[in-house]
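Pasted below: start14.cif, mmCIF, C-alpha atoms and all ligand atoms.
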data_entry
#
loop_
_atom_site.label_atom_id
_atom_site.label_comp_id
_atom_site.auth_asym_id
_atom_site.auth_seq_id
_atom_site.Cartn_x
_atom_site.Cartn_y
_atom_site.Cartn_z
CA MET A 88 118.61 73.95 108.52
CA LYS A 89 120.46 76.03 105.91
CA ILE A 90 120.12 74.48 102.49
CA GLY A 91 120.11 77.43 100.09
CA VAL A 92 117.12 79.06 98.43
CA ILE A 93 116.97 76.84 95.34
CA HIS A 94 116.55 73.62 97.33
CA LYS A 95 114.26 75.34 99.81
CA TYR A 96 111.84 76.86 97.30
CA ARG A 97 112.54 74.79 94.19
CA LYS A 98 108.95 74.55 92.99
CA HIS A 99 108.63 78.35 92.88
CA LEU A 100 111.84 78.86 90.89
CA PRO A 101 112.79 78.46 87.20
CA VAL A 102 114.93 75.35 87.77
CA THR A 103 114.64 71.72 86.70
CA ASP A 104 116.41 68.50 87.65
CA LYS A 105 118.95 69.40 84.97
CA THR A 106 119.90 72.72 86.54
CA PRO A 107 123.22 72.43 88.39
CA VAL A 108 122.69 74.11 91.76
CA ILE A 109 125.45 76.57 92.62
CA THR A 110 124.87 77.56 96.24
CA LEU A 111 126.76 78.92 99.22
CA GLN A 112 123.71 78.18 101.43
CA GLU A 113 122.28 81.67 101.13
CA GLY A 114 118.91 82.61 102.64
CA SER A 115 117.24 81.44 105.89
CA THR A 116 118.29 84.79 107.42
CA PRO A 117 117.06 85.99 110.83
CA LEU A 118 113.81 87.92 111.23
CA LEU A 119 114.52 89.89 114.39
CA ARG A 120 111.89 91.54 116.61
CA VAL A 121 113.40 94.88 117.68
CA GLU A 122 111.58 96.00 120.82
CA ASN A 123 114.24 98.48 121.94
CA ILE A 124 113.73 100.35 118.68
CA GLU A 125 109.94 100.12 119.00
CA LYS A 126 110.17 101.78 122.42
CA GLU A 127 112.77 104.39 121.50
CA PHE A 128 110.77 105.67 118.52
CA ASN A 129 107.26 105.13 119.96
CA PHE A 130 106.27 102.76 117.22
CA PRO A 131 102.67 101.63 117.82
CA PHE A 132 103.33 98.38 115.87
CA GLN A 133 105.55 95.28 116.13
CA LEU A 134 108.70 95.73 114.08
CA TYR A 135 110.65 92.80 112.64
CA LEU A 136 113.84 93.27 110.65
CA LYS A 137 115.01 90.78 108.03
CA TYR A 138 118.78 90.75 108.47
CA GLU A 139 120.06 90.03 104.97
CA GLY A 140 123.58 91.09 105.90
CA VAL A 141 124.26 87.56 107.16
CA ASN A 142 124.01 86.00 103.72
CA PRO A 143 127.28 84.34 102.55
CA THR A 144 128.74 87.46 100.91
CA GLY A 145 127.00 89.88 103.28
CA SER A 146 124.00 91.07 101.26
CA PHE A 147 120.67 89.91 99.81
CA LYS A 148 122.27 89.80 96.35
CA ASP A 149 123.23 86.16 97.06
CA ARG A 150 119.58 85.02 96.82
CA GLY A 151 119.39 86.21 93.24
CA MET A 152 122.94 85.24 92.36
CA THR A 153 122.50 81.54 93.22
CA VAL A 154 119.72 81.34 90.62
CA ALA A 155 121.42 83.57 88.02
CA ILE A 156 124.72 81.69 88.23
CA SER A 157 123.08 78.24 88.28
CA LYS A 158 121.13 79.13 85.13
CA ALA A 159 124.27 80.56 83.49
CA VAL A 160 126.05 77.24 84.09
CA GLU A 161 123.06 75.33 82.75
CA LYS A 162 123.18 77.45 79.56
CA GLY A 163 126.88 76.71 79.15
CA CYS A 164 128.09 80.29 79.71
CA GLU A 165 131.76 80.93 80.38
CA TYR A 166 131.60 84.59 81.41
CA VAL A 167 129.25 86.61 83.59
CA ILE A 168 129.29 90.40 83.80
CA CYS A 169 127.78 93.05 86.04
CA ALA A 170 127.81 96.74 86.82
CA SER A 171 127.87 97.27 90.54
CA THR A 172 127.84 99.70 93.43
CA GLY A 173 129.69 96.85 95.18
CA ASN A 174 127.46 94.11 96.51
CA THR A 175 126.42 92.66 93.16
CA SER A 176 130.08 92.34 92.21
CA ALA A 177 130.98 90.72 95.55
CA SER A 178 128.20 88.17 95.12
CA ALA A 179 128.80 87.56 91.39
CA ALA A 180 132.52 87.04 92.02
CA ALA A 181 131.95 84.52 94.82
CA TYR A 182 129.29 82.46 93.03
CA ALA A 183 131.22 82.59 89.75
CA SER A 184 134.31 81.18 91.45
CA LYS A 185 132.24 78.35 92.94
CA ALA A 186 130.84 77.65 89.45
CA LYS A 187 134.24 77.99 87.72
CA LEU A 188 132.95 80.89 85.61
CA LYS A 189 134.87 84.08 84.92
CA ALA A 190 133.35 87.24 86.41
CA LEU A 191 133.73 90.66 84.78
CA VAL A 192 132.87 93.65 86.94
CA VAL A 193 132.43 97.34 86.07
CA ILE A 194 132.34 99.73 89.03
CA PRO A 195 132.22 103.50 89.47
CA GLU A 196 135.70 104.63 90.51
CA GLY A 197 136.09 105.86 94.08
CA SER A 198 132.56 105.18 95.33
CA ILE A 199 132.73 101.49 96.24
CA ALA A 200 132.88 100.64 99.94
CA LEU A 201 136.18 98.95 100.74
CA GLY A 202 134.75 95.65 101.99
CA LYS A 203 132.86 95.09 98.74
CA LEU A 204 135.81 95.87 96.50
CA SER A 205 138.01 93.49 98.50
CA GLN A 206 135.46 90.70 97.97
CA ALA A 207 135.31 91.10 94.19
CA MET A 208 139.10 91.12 94.07
CA ILE A 209 139.82 88.16 96.36
CA HIS A 210 137.36 85.93 94.46
CA GLY A 211 139.31 86.64 91.29
CA ALA A 212 136.89 88.81 89.32
CA LYS A 213 138.32 91.01 86.60
CA VAL A 214 137.44 94.47 87.92
CA VAL A 215 137.41 97.64 85.81
CA ALA A 216 136.69 101.00 87.44
CA ILE A 217 135.19 103.70 85.22
CA LYS A 218 135.32 107.46 85.59
CA GLY A 219 131.56 107.60 85.81
CA ASN A 220 128.69 106.46 88.02
CA PHE A 221 126.65 103.26 88.38
CA ASP A 222 124.20 104.28 85.66
CA ASP A 223 127.10 104.71 83.18
CA ALA A 224 128.50 101.31 84.24
CA LEU A 225 125.16 99.57 83.67
CA LYS A 226 124.83 101.11 80.20
CA ILE A 227 128.30 99.84 79.29
CA VAL A 228 127.70 96.26 80.46
CA ARG A 229 124.38 96.13 78.62
CA GLU A 230 126.19 97.14 75.43
CA ILE A 231 128.88 94.51 76.02
CA CYS A 232 126.18 91.83 76.44
CA GLU A 233 124.74 92.72 73.04
CA LYS A 234 128.12 92.20 71.35
CA TYR A 235 129.72 89.33 73.25
CA PRO A 236 128.57 85.95 74.61
CA VAL A 237 128.57 87.01 78.27
CA GLU A 238 125.70 86.62 80.72
CA LEU A 239 124.41 89.76 82.48
CA VAL A 240 123.89 89.11 86.22
CA ASN A 241 122.48 92.50 87.21
CA SER A 242 118.87 92.51 88.41
CA LEU A 243 117.75 93.05 84.79
CA ASN A 244 118.37 89.30 84.61
CA PRO A 245 114.97 87.84 85.59
CA ASN A 246 116.66 84.95 87.43
CA ARG A 247 117.99 87.47 89.96
CA ILE A 248 114.44 88.64 90.75
CA GLU A 249 113.25 85.02 91.00
CA GLY A 250 115.88 84.21 93.61
CA GLN A 251 115.37 87.40 95.58
CA LYS A 252 111.62 86.87 95.90
CA THR A 253 112.38 83.97 98.29
CA ALA A 254 113.00 86.52 101.06
CA ALA A 255 109.28 87.36 100.96
CA PHE A 256 108.49 83.63 101.22
CA GLU A 257 110.69 83.34 104.31
CA ILE A 258 108.98 86.30 105.98
CA VAL A 259 105.52 84.81 105.38
CA ASP A 260 106.71 81.37 106.56
CA ALA A 261 108.15 82.88 109.76
CA LEU A 262 105.14 85.07 110.64
CA GLY A 263 102.43 82.68 109.44
CA ARG A 264 101.08 85.51 107.30
CA ALA A 265 102.25 88.52 105.30
CA PRO A 266 103.12 91.62 107.35
CA ASP A 267 100.80 94.63 107.22
CA PHE A 268 103.58 96.94 106.02
CA HIS A 269 106.89 96.14 104.33
CA ALA A 270 109.69 98.75 104.30
CA MET A 271 112.96 98.63 102.34
CA PRO A 272 115.63 100.66 100.51
CA VAL A 273 115.25 101.31 96.78
CA GLY A 274 118.27 101.70 94.50
CA ASN A 275 118.11 100.05 91.10
CA ALA A 276 114.68 98.81 92.28
CA GLY A 277 115.18 95.11 91.55
CA ASN A 278 114.66 94.10 95.16
CA ILE A 279 111.34 95.87 95.72
CA THR A 280 110.22 94.25 92.44
CA ALA A 281 111.30 90.86 93.79
CA TYR A 282 109.61 91.20 97.20
CA TRP A 283 106.34 92.29 95.61
CA LYS A 284 106.48 89.37 93.16
CA GLY A 285 107.16 87.03 96.08
CA TYR A 286 104.23 88.30 98.15
CA LYS A 287 101.89 88.12 95.15
CA GLU A 288 102.85 84.53 94.41
CA TYR A 289 102.72 83.38 98.03
CA CYS A 290 99.72 85.01 99.68
CA ALA A 291 96.36 86.59 98.96
CA ILE A 292 96.61 89.23 101.70
CA ARG A 293 99.68 91.35 101.03
CA PRO A 294 101.56 94.16 102.73
CA VAL A 295 101.58 97.85 101.91
CA MET A 296 104.99 98.42 100.29
CA MET A 297 107.13 101.32 101.53
CA GLY A 298 110.31 102.05 99.56
CA PHE A 299 112.96 104.59 100.54
CA GLN A 300 115.52 106.29 98.33
CA ALA A 301 118.33 108.57 99.51
CA ALA A 302 117.36 112.25 99.22
CA LYS A 303 119.87 113.25 96.55
CA SER A 304 119.46 109.96 94.68
CA ALA A 305 115.68 109.82 94.50
CA PRO A 306 114.68 109.66 90.82
CA ILE A 307 111.40 107.80 91.45
CA VAL A 308 110.35 110.35 94.07
CA GLU A 309 111.35 113.33 91.91
CA GLY A 310 109.84 111.80 88.77
CA HIS A 311 112.95 112.13 86.60
CA PRO A 312 116.45 110.58 86.35
CA ILE A 313 119.13 112.21 88.51
CA LYS A 314 122.32 112.97 86.55
CA LYS A 315 124.70 113.10 89.51
CA PRO A 316 123.22 111.08 92.36
CA GLU A 317 124.89 111.61 95.74
CA THR A 318 124.56 109.86 99.11
CA ILE A 319 126.75 108.19 101.71
CA ALA A 320 124.52 105.12 101.17
CA THR A 321 126.53 104.00 98.15
CA ALA A 322 124.43 100.86 97.50
CA ILE A 323 121.46 103.09 96.57
CA ARG A 324 123.42 105.83 94.82
CA ILE A 325 121.54 105.31 91.56
CA GLY A 326 120.07 108.00 89.31
CA ASN A 327 118.13 105.96 86.76
CA PRO A 328 116.83 102.67 88.20
CA ALA A 329 116.51 99.76 85.75
CA SER A 330 113.30 98.49 87.40
CA TRP A 331 111.73 101.95 87.80
CA LYS A 332 108.32 101.01 86.34
CA LYS A 333 108.12 97.76 88.30
CA ALA A 334 108.89 99.60 91.55
CA GLU A 335 106.05 102.01 90.79
CA ALA A 336 103.77 99.04 90.10
CA ALA A 337 104.68 97.50 93.48
CA ARG A 338 103.94 100.84 95.15
CA ASP A 339 100.61 101.37 93.35
CA GLU A 340 99.26 97.81 93.45
CA SER A 341 99.94 97.63 97.21
CA GLY A 342 98.59 101.09 98.01
CA GLY A 343 102.07 102.00 99.25
CA LEU A 344 104.63 104.73 98.74
CA ILE A 345 108.18 105.48 97.63
CA ASP A 346 109.78 108.42 99.41
CA LYS A 347 113.21 109.75 100.30
CA VAL A 348 115.29 110.08 103.47
CA THR A 349 118.28 112.37 104.01
CA ASP A 350 121.81 111.17 104.72
CA ASP A 351 121.49 112.55 108.27
CA GLU A 352 118.32 110.52 108.82
CA ILE A 353 120.05 107.43 107.40
CA LEU A 354 123.08 107.89 109.68
CA SER A 355 121.04 108.31 112.82
CA ALA A 356 119.02 105.17 112.02
CA TYR A 357 122.34 103.38 111.29
CA LYS A 358 123.62 104.26 114.74
CA ALA A 359 120.32 103.42 116.45
CA LEU A 360 120.35 99.89 114.98
CA ALA A 361 123.90 99.34 116.19
CA GLU A 362 123.53 100.94 119.63
CA LEU A 363 120.03 99.75 120.57
CA GLU A 364 119.79 96.35 118.90
CA GLY A 365 123.31 95.07 118.24
CA ILE A 366 122.66 95.06 114.50
CA PHE A 367 125.41 96.39 112.26
CA VAL A 368 124.29 97.26 108.74
CA GLU A 369 125.70 99.25 105.88
CA PRO A 370 124.21 102.74 105.51
CA ALA A 371 121.83 101.90 102.60
CA SER A 372 120.10 99.34 104.82
CA ALA A 373 119.42 101.95 107.47
CA SER A 374 117.19 103.91 105.07
CA THR A 375 114.52 101.32 105.96
CA LEU A 376 114.42 102.42 109.62
CA ALA A 377 114.96 106.08 108.70
CA GLY A 378 111.84 105.89 106.54
CA LEU A 379 109.75 104.22 109.25
CA ILE A 380 110.81 106.87 111.79
CA LYS A 381 109.90 109.62 109.32
CA TYR A 382 106.46 108.14 108.57
CA ASN A 383 105.69 107.42 112.21
CA LYS A 384 106.35 111.10 112.99
CA LYS A 385 103.90 112.04 110.22
CA SER A 386 101.24 109.86 111.98
CA TYR A 387 101.09 107.55 108.97
CA PHE A 388 100.65 104.59 111.36
CA LYS A 389 97.93 106.18 113.48
CA LYS A 390 95.58 103.21 112.96
CA ALA A 391 98.29 100.68 113.92
CA THR A 392 98.17 98.67 117.19
CA LYS A 393 100.49 96.11 118.73
CA GLU A 394 98.72 93.57 116.49
CA THR A 395 100.06 95.40 113.44
CA ILE A 396 103.19 93.83 111.97
CA VAL A 397 105.77 95.85 110.07
CA VAL A 398 108.75 94.14 108.43
CA GLY A 399 111.82 96.07 107.34
CA VAL A 400 114.66 94.73 105.23
CA LEU A 401 118.28 95.25 106.29
CA THR A 402 119.95 94.64 102.95
CA GLY A 403 123.69 94.49 103.72
CA HIS A 404 126.22 93.97 106.52
CA GLY A 405 127.95 96.86 108.29
CA LEU A 406 131.42 95.40 107.78
CA LYS A 407 131.05 96.18 104.07
CA ASP A 408 131.76 99.83 104.87
CA PRO A 409 133.92 100.03 108.01
CA ASP A 410 135.14 103.55 107.12
CA ARG A 411 131.63 104.89 107.59
CA ALA A 412 131.30 103.32 111.03
CA ILE A 413 134.62 104.72 112.21
CA LYS A 414 133.80 108.18 110.83
CA SER A 415 130.46 108.23 112.69
CA CYS A 416 131.89 107.53 116.16
CA PHE A 417 134.24 109.01 118.76
CA GLN A 418 137.77 107.74 118.17
CA PRO A 419 139.48 105.60 120.85
CA GLU A 420 141.54 107.61 123.35
CA ILE A 421 145.26 106.75 123.34
CA VAL A 422 146.92 106.60 126.81
CA GLU A 423 150.10 105.30 128.53
CA ALA A 424 150.12 101.52 129.06
CA THR A 425 149.21 101.58 132.78
CA THR A 426 146.08 100.34 134.56
CA ALA A 427 145.69 103.72 136.24
CA LYS A 428 145.68 105.63 132.95
CA VAL A 429 143.23 103.21 131.37
CA CYS A 430 140.93 103.50 134.42
CA ARG A 431 141.07 107.28 134.23
CA ALA A 432 140.17 107.15 130.52
CA PHE A 433 137.15 104.98 131.41
CA ASP A 434 136.11 107.39 134.20
CA LEU A 435 136.24 104.47 136.63
C1 LIG A 501 121.76 96.36 95.99
C2 LIG A 501 121.50 96.94 97.32
C3 LIG A 501 120.41 97.79 97.58
C4 LIG A 501 119.47 98.24 96.51
O1 LIG A 501 118.72 97.22 95.93
P1 LIG A 501 118.05 97.43 94.51
O2 LIG A 501 117.56 96.11 94.11
O3 LIG A 501 119.12 97.97 93.61
O4 LIG A 501 116.96 98.45 94.71
C5 LIG A 501 120.21 98.25 98.86
N1 LIG A 501 121.06 97.92 99.87
C6 LIG A 501 122.12 97.11 99.65
C7 LIG A 501 123.01 96.78 100.79
C8 LIG A 501 122.37 96.60 98.39
O5 LIG A 501 123.44 95.81 98.19
#
Translate this file's structure into structure tokens.
Ligand SMILES: *Cc1c(COP(=O)(O)O)cnc(C)c1O
Amino acid sequence: MKIGVIHKYRKHLPVTDKTPVITLQEGSTPLLRVENIEKEFNFPFQLYLKYEGVNPTGSFKDRGMTVAISKAVEKGCEYVICASTGNTSASAAAYASKAKLKALVVIPEGSIALGKLSQAMIHGAKVVAIKGNFDDALKIVREICEKYPVELVNSLNPNRIEGQKTAAFEIVDALGRAPDFHAMPVGNAGNITAYWKGYKEYCAIRPVMMGFQAAKSAPIVEGHPIKKPETIATAIRIGNPASWKKAEAARDESGGLIDKVTDDEILSAYKALAELEGIFVEPASASTLAGLIKYNKKSYFKKATKETIVVGVLTGHGLKDPDRAIKSCFQPEIVEATTAKVCRAFDL
């Protein structure tokens, strides 16, 4: 039954009987075993993918937003604000409209996938695009929050992390234990922080955490902020992650790693998920599989068997960024409107 993450995991979350619950019934997402992928890439382990793209606004951000917006209502806020590469603004706008709050959104001009921008707009957020990148946008909204009575709903807001940790709970509930390895994309690094917090609170035996950044947007891997981050995976196009230190803590405490994958590796994993498993994700999500393929080739999993369980997170839905899908495929052939011509085009 879908009831939303606050009702489902109430005793693990910072809510009381007085907290109004603003929910769109987020969470309870599928954990899919992907055997075609296991075979194709010779994975020696069982791979399960947590398909967060089927949350109400199409990304995992909804798990954090239900808690952040509910707490904002409880505090009596009127305005919420966020900087966004797209999905945070889509989620904030939807939950704010449900809560009758006003949402203010700052985005980097020209680098928001069309689906995400349309969501922020249709839910009635006030959207401002800046001639700068995500890191500039986050700096601006933090300054606004110091001066005006508006609630920040980026993952710097601890209520976001609290909500997002419920995905780790769901994985453990579904498997009956924590996985051996947990792979995911890393952008602003709030989500890897949230998963690690969730595993620590929920189980004694925890996974090795594997985080993947995009090659030209990999500040944690390079060890310094990136001034002009670039990648087709716009959701992780971030040069100075807000939760940098916490991501490193998740990596180090779990004996894991944070590494980078190229745009080409991301795109081939993106197509593999769609063609082999029927799973359509946005490019940032595919960095999870790209990273696992890369590490399997390096023999990182040489001790793994078919008893070994690896979970990967697919953070957002493919329909967020339809341009990318169309650009990565052969275009439909256009023919005369006759059965014969259509058959010839199909090589029938
Ligand atoms: C926000 C987002 C990420 C990155 O998550 P962080 O918490 O910023 O590391 C990855 N993929 C998608 C689809 C996202 O929306």
Q: Kindly work out which residues sit at most 6 Å from ligand LIG 501 (chain A), using all atoms listed in the file, and give the list as a count of residues only.
A: 15
Q. Which residues, written as number ranges by chain, have at least one atom at most 9 Å from Ile307 in chain A, with only C-alpha atoms counted and residues fewer than 6 positions away on the same chain left out?
A. A: 300, 326-328, 331, 334-335, 345-346
Q: Go through A:Arg247, A:Lys389, A:Lys252, A:Arg120 one by one, measure the shortest atom-to-atom distance of each to Ser157 in chain A using all atoms listed in the file, and give the residue with the smallest value.
A: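 So, comparing all the options, the nearest one is A:Arg247.
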Using the file's own x, y and z axes, so that the box edges lie along x, y and z, what centre and edge lengths in Å (one decimal) does a box around every listed atom of range 165-182 of chain A get when 8 Å is added on each side? Give it as lines of an AutoDock Vina configuration file.
center_x = 129.5
center_y = 90.3
center_z = 88.4
size_x = 22.1
size_y = 34.8
size_z = 32.1
Q | Residues near Ile396 in chain A, cut-off 8 Å, all atoms listed in the file, skip fewer than 6 positions along chain, as a list in words | A |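 So, after excluding close chain neighbours, the residues are Phe132, Gln133, Leu134, Tyr135, Pro266, Asp267 and Phe268 of chain A.
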